[in-house]
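Note sheet for the following structure.
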Amino acid sequence: MYYPQDMHWPMFLKTPRPFVKAFVDELHTTVERDQPGRGLSRLQRLWLACCLTGILVTNSVCWARLERASLGAYSLAALSWVFRHAKIPWECLLRLSVTVLLRKYRVTQGSLVVDDSDKKRCKMTKRIFKAHKLHDKTSGGYINGQTLVLLVLVTAVVTLPVGFAFYLPDPALTAWRKENAKLKKQGVAPKNRPPRPARNPAYPTKQELALALLAAFRRAHPTIAVQLVLAEALYGTH
C-alpha cells in the first residue's frame with residue numbers, strides 16, 4: 001500500500017496557496033466545533049489543500065489531470081488513498097464548507113436556484129454511481145452519463161453551489177414508458193396496455209430531490225434569508 005505520508009509532493013502542491021490553506025484551517029475549526037473529535041488531522045488538511053490547489057491549477061476535478069500536473073511525482077493510487085480510506089466526515093464537509101464561506105463573505109440573504117445538469121461518461125460505466133442512458137440534446141441520440149440536481153445560492157457578493165443530488169430514473173417506469181409507447185404506436189387501446197407501475201420511493205423524482213435540497217439548506221443555514229427560489233417549469237410543484 002502506498003501510504004500518503006510517503007508521497008513525494010510536487011512543489012506546487014507542497015506549498016498550497018495561502019488562501020487555500022486558510023480555508024482548510026477554518027474548515028477544520030468549523031468541523032471540530034460542529035462535531036467535536038471529528039476535525040481534520042494535519043495530514044488530512046494537507047491532502048485536502050493539495051487537492052484544492054490541484055483543482056485550481058488544472059481547472060478540473062480529475063485525478064489523472066492532477067497526476068499529469070505533478071509531472072508524475074505520484075500515482076493515481078497515492079492521490080486517491082486518503083479519499084478512499086481516511087475517516088473524514090464527508091457527509092458534512094460540503095455543508096460546513098458553505099458555512100465557512102458564508103461567514104467569510106458576511107452573507108445574510110440571497111436567492112436559491114435549482115437546475116439539473118447531464119454529465120457524459122464513457123460507455124462502460126459499471127462502477128460509476130447512478131450512470132444511465134441520457135438523451136443527448138445536441139445530437140438527438142442517446143449517451144451514457146449521470147444527471148445531477150443542483151442547488152446554487154446567488155448573492156450580491158458571491159455565488160455558491162450549496163447542494164447536489166444524483167438523479168436516477170425508476171427502471172420499472174422507464175421500461176413501462178417504452179413498452180407503452182410501442183403499443184400506442186401499434187394502435188393498442190389504453191385498456192389493453194399494461195397499467196402504469198407504482199412509483200418506487202427508492203428512485204425520487206427531480207422535483208423531490210430539489211425539495212429535499214431546499215429543506216436541507218434551510219436546516220443547515222437557518223439564518224440566511226431566502227429572497228426567492230428560481231427554477232424552470234420542470235420543477236413546478238404544489
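The chains in the C-alpha cells are called A, B, ... from first to last as shown; in each chain the residues are counted from 1, and the ligands are counted from 1 in the order shown.
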
Range 120-185 of chain A residues near range 222-230 of chain A within 10 Å, closest pair each, using only C-alpha atoms, as CSV:
```
residue,atom,partner,partner_atom,distance
A:Leu151,CA,A:Val229,CA,9.8
A:Val152,CA,A:Leu230,CA,9.8
A:Leu153,CA,A:Val226,CA,9.0
A:Val154,CA,A:Val226,CA,9.9
A:Thr155,CA,A:Gln227,CA,9.9
```

Would you mind exporting the chosen residues as an mmCIF file, in the first residue's frame, restricted to C-alpha atoms?
```
data_model
loop_
_atom_site.group_PDB
_atom_site.id
_atom_site.type_symbol
_atom_site.label_atom_id
_atom_site.label_comp_id
_atom_site.auth_asym_id
_atom_site.auth_seq_id
_atom_site.Cartn_x
_atom_site.Cartn_y
_atom_site.Cartn_z
ATOM 1 C CA LEU A 151 -28.847 23.961 -5.738
ATOM 2 C CA VAL A 152 -26.978 27.265 -6.042
ATOM 3 C CA LEU A 153 -27.082 30.290 -3.741
ATOM 4 C CA VAL A 154 -26.820 33.620 -5.597
ATOM 5 C CA THR A 155 -25.944 36.688 -3.521
#
```

Residues near range 202-218 of chain A, cut-off 6 Å, only C-alpha atoms, skip fewer than 2 positions along chain, as a PyMOL selection string: chain A and resi 170+200+220-222+235

Go ahead and write the residues just picked, C-alpha atoms, as a PDB file, in the first residue's frame.
```pdb
ATOM      1  CA  ASP A 170     -37.121   4.419 -11.973  1.00  0.00           C
ATOM      2  CA  ASN A 200     -40.688   3.289  -6.249  1.00  0.00           C
ATOM      3  CA  ALA A 220     -28.198  23.848   7.711  1.00  0.00           C
ATOM      4  CA  HIS A 221     -28.368  27.645   7.309  1.00  0.00           C
ATOM      5  CA  PRO A 222     -31.464  28.943   9.154  1.00  0.00           C
ATOM      6  CA  TYR A 235     -39.770  21.844 -11.132  1.00  0.00           C
TER       7      TYR A 235
END
```

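Closest approach to Arg45 in chain A from the set A:Glu232, A:Asp136, A:Glu26, A:Asp115 is made by A:Glu26, with distances taken over only C-alpha atoms.
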
Env of Leu93 in chain A: 10 Å cut, atoms = only C-alpha atoms, seq-sep filter 3 positions within chain, self excluded. Answer as a PyMOL selection string. chain A and resi 27-28+30-31+88-90+96-99

A:Val157, A:Ala86, A:Val149, A:Ala198: which is nearest Trp176 in chain A, counting only C-alpha atoms? A:Ala198

Running DSSP on the backbone, which parts of chain A land in helix (DSSP H, G or I), as a compact mmCIF listing (two decimals) with C-alpha atoms, in the first residue's frame?
```
# COMPACT_ATOMS: atom_id res chain seq x y z
CA PRO A 4 0.16 9.22 1.60
CA GLN A 5 2.89 10.30 4.02
CA ASP A 6 5.43 8.55 1.74
CA MET A 11 6.48 21.79 -5.45
CA PHE A 12 3.19 23.48 -6.39
CA LEU A 13 1.39 21.07 -4.05
CA LYS A 14 3.95 21.21 -1.23
CA PRO A 18 -2.25 30.81 1.29
CA PHE A 19 -5.98 31.35 0.82
CA VAL A 20 -6.46 27.60 0.28
CA LYS A 21 -4.58 26.81 3.49
CA ALA A 22 -6.56 29.44 5.38
CA PHE A 23 -9.83 27.97 4.07
CA VAL A 24 -8.88 24.39 5.04
CA ASP A 25 -7.75 25.50 8.52
CA GLU A 26 -11.05 27.35 9.03
CA LEU A 27 -12.94 24.31 7.76
CA HIS A 28 -11.14 22.13 10.30
CA THR A 29 -12.12 24.53 13.10
CA THR A 30 -15.74 24.55 11.92
CA VAL A 31 -15.90 20.74 11.71
CA GLU A 32 -14.42 20.44 15.21
CA ARG A 33 -17.00 22.92 16.51
CA ASP A 34 -19.89 21.15 14.78
CA ARG A 42 -2.71 17.57 9.86
CA LEU A 43 -2.22 15.03 7.07
CA GLN A 44 -5.87 15.26 6.02
CA ARG A 45 -5.69 19.06 5.92
CA LEU A 46 -2.53 18.87 3.79
CA TRP A 47 -4.14 16.38 1.42
CA LEU A 48 -7.32 18.45 1.06
CA ALA A 49 -5.34 21.67 0.49
CA CYS A 50 -3.27 19.90 -2.16
CA CYS A 51 -6.38 18.60 -3.92
CA LEU A 52 -7.97 22.06 -3.92
CA THR A 53 -4.75 23.60 -5.21
CA GLY A 54 -4.60 20.96 -7.94
CA ILE A 55 -8.20 21.75 -8.93
CA LEU A 56 -7.31 25.44 -9.25
CA VAL A 57 -4.16 24.70 -11.25
CA THR A 58 -5.76 22.20 -13.65
CA TRP A 63 -7.21 12.56 -10.62
CA ALA A 64 -5.50 11.90 -13.98
CA ARG A 65 -5.02 15.62 -14.75
CA LEU A 66 -3.70 16.23 -11.27
CA GLU A 67 -1.24 13.38 -11.74
CA ARG A 68 -0.04 14.87 -15.03
CA ALA A 69 0.24 18.34 -13.50
CA LEU A 76 -3.39 7.83 -9.02
CA ALA A 77 -3.41 5.28 -6.19
CA ALA A 78 -1.49 7.67 -3.95
CA LEU A 79 -3.76 10.57 -4.89
CA SER A 80 -6.96 8.73 -4.05
CA TRP A 81 -5.73 6.81 -0.98
CA VAL A 82 -6.97 9.35 1.57
CA PHE A 83 -10.25 9.78 -0.28
CA ARG A 84 -10.92 6.05 -0.09
CA HIS A 85 -9.59 5.26 3.38
CA TRP A 90 -17.56 13.56 4.16
CA GLU A 91 -21.29 13.74 4.93
CA CYS A 92 -20.95 17.23 6.43
CA LEU A 93 -17.95 18.63 4.54
CA LEU A 94 -19.93 20.49 1.85
CA ARG A 95 -22.41 21.89 4.37
CA LEU A 96 -19.66 23.18 6.66
CA SER A 97 -17.60 24.47 3.72
CA VAL A 98 -20.60 26.58 2.73
CA THR A 99 -20.86 27.77 6.34
CA VAL A 100 -17.22 28.90 6.25
CA LEU A 101 -17.71 30.86 3.02
CA LEU A 102 -21.00 32.45 4.12
CA ARG A 103 -19.29 33.63 7.28
CA LYS A 104 -16.24 34.90 5.38
CA PRO A 171 -36.17 1.41 -14.18
CA ALA A 172 -39.71 -0.03 -13.94
CA LEU A 173 -41.28 3.25 -15.09
CA THR A 174 -38.72 3.61 -17.86
CA ALA A 175 -39.49 0.12 -19.15
CA TRP A 176 -43.25 0.80 -18.92
CA ARG A 177 -43.00 4.07 -20.87
CA LYS A 178 -41.00 2.34 -23.58
CA GLU A 179 -43.48 -0.53 -23.87
CA ASN A 180 -46.49 1.80 -23.64
CA ALA A 181 -45.17 4.00 -26.46
CA LYS A 182 -44.57 0.89 -28.60
CA LEU A 183 -48.12 -0.44 -28.03
CA LYS A 184 -49.63 3.01 -28.59
CA LYS A 185 -47.85 3.25 -31.93
CA PRO A 190 -55.28 2.07 -23.44
CA LYS A 191 -57.39 -0.52 -21.59
CA ASN A 192 -55.37 -3.31 -23.21
CA LYS A 206 -36.05 15.53 -9.79
CA GLN A 207 -38.75 17.61 -8.09
CA GLU A 208 -38.50 15.51 -4.92
CA LEU A 209 -34.72 15.81 -4.94
CA ALA A 210 -34.97 19.59 -5.38
CA LEU A 211 -37.39 19.92 -2.45
CA ALA A 212 -35.08 17.78 -0.30
CA LEU A 213 -32.12 20.03 -1.18
CA LEU A 214 -34.13 23.14 -0.27
CA ALA A 215 -35.15 21.60 3.07
CA ALA A 216 -31.56 20.59 3.81
CA PHE A 217 -30.33 24.13 3.09
CA ARG A 218 -32.96 25.59 5.44
CA ARG A 219 -31.91 23.22 8.23
CA ALA A 220 -28.20 23.85 7.71
CA ALA A 233 -41.04 24.85 -15.33
CA LEU A 234 -39.94 21.24 -14.88
CA TYR A 235 -39.77 21.84 -11.13
```

Between CA of Val113 in chain A and CA of Leu150 in chain A, measure the distance and give it in Å to one decimal. 8.0 Å

Atomic distance CA of Ser117 in chain A - CA of Gln146 in chain A, expressed in Å with one decimal: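 The value is 8.3 Å.
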
Could you give me, as a list in words, the residues within 12 Å of His132 in chain A, counting only C-alpha atoms and dropping anything in the same chain fewer than 4 positions from it?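 Here the qualifying residues turn out to be Asp118, Lys119, Lys120, Arg121, Cys122, Lys123, Met124, Thr125, Lys126, Arg127, Ile128, Tyr142, Ile143, Asn144, Gly145, Gln146, Thr147, Leu148, Phe166, Tyr167, Leu168, Pro169, Asp170, Pro171 and Thr174 of chain A.
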
Per-residue DSSP, range 10-186 of chain A, filtered to strand (DSSP E), as a PyMOL selection string: chain A and resi 109-120+132-135+142-154+159-167
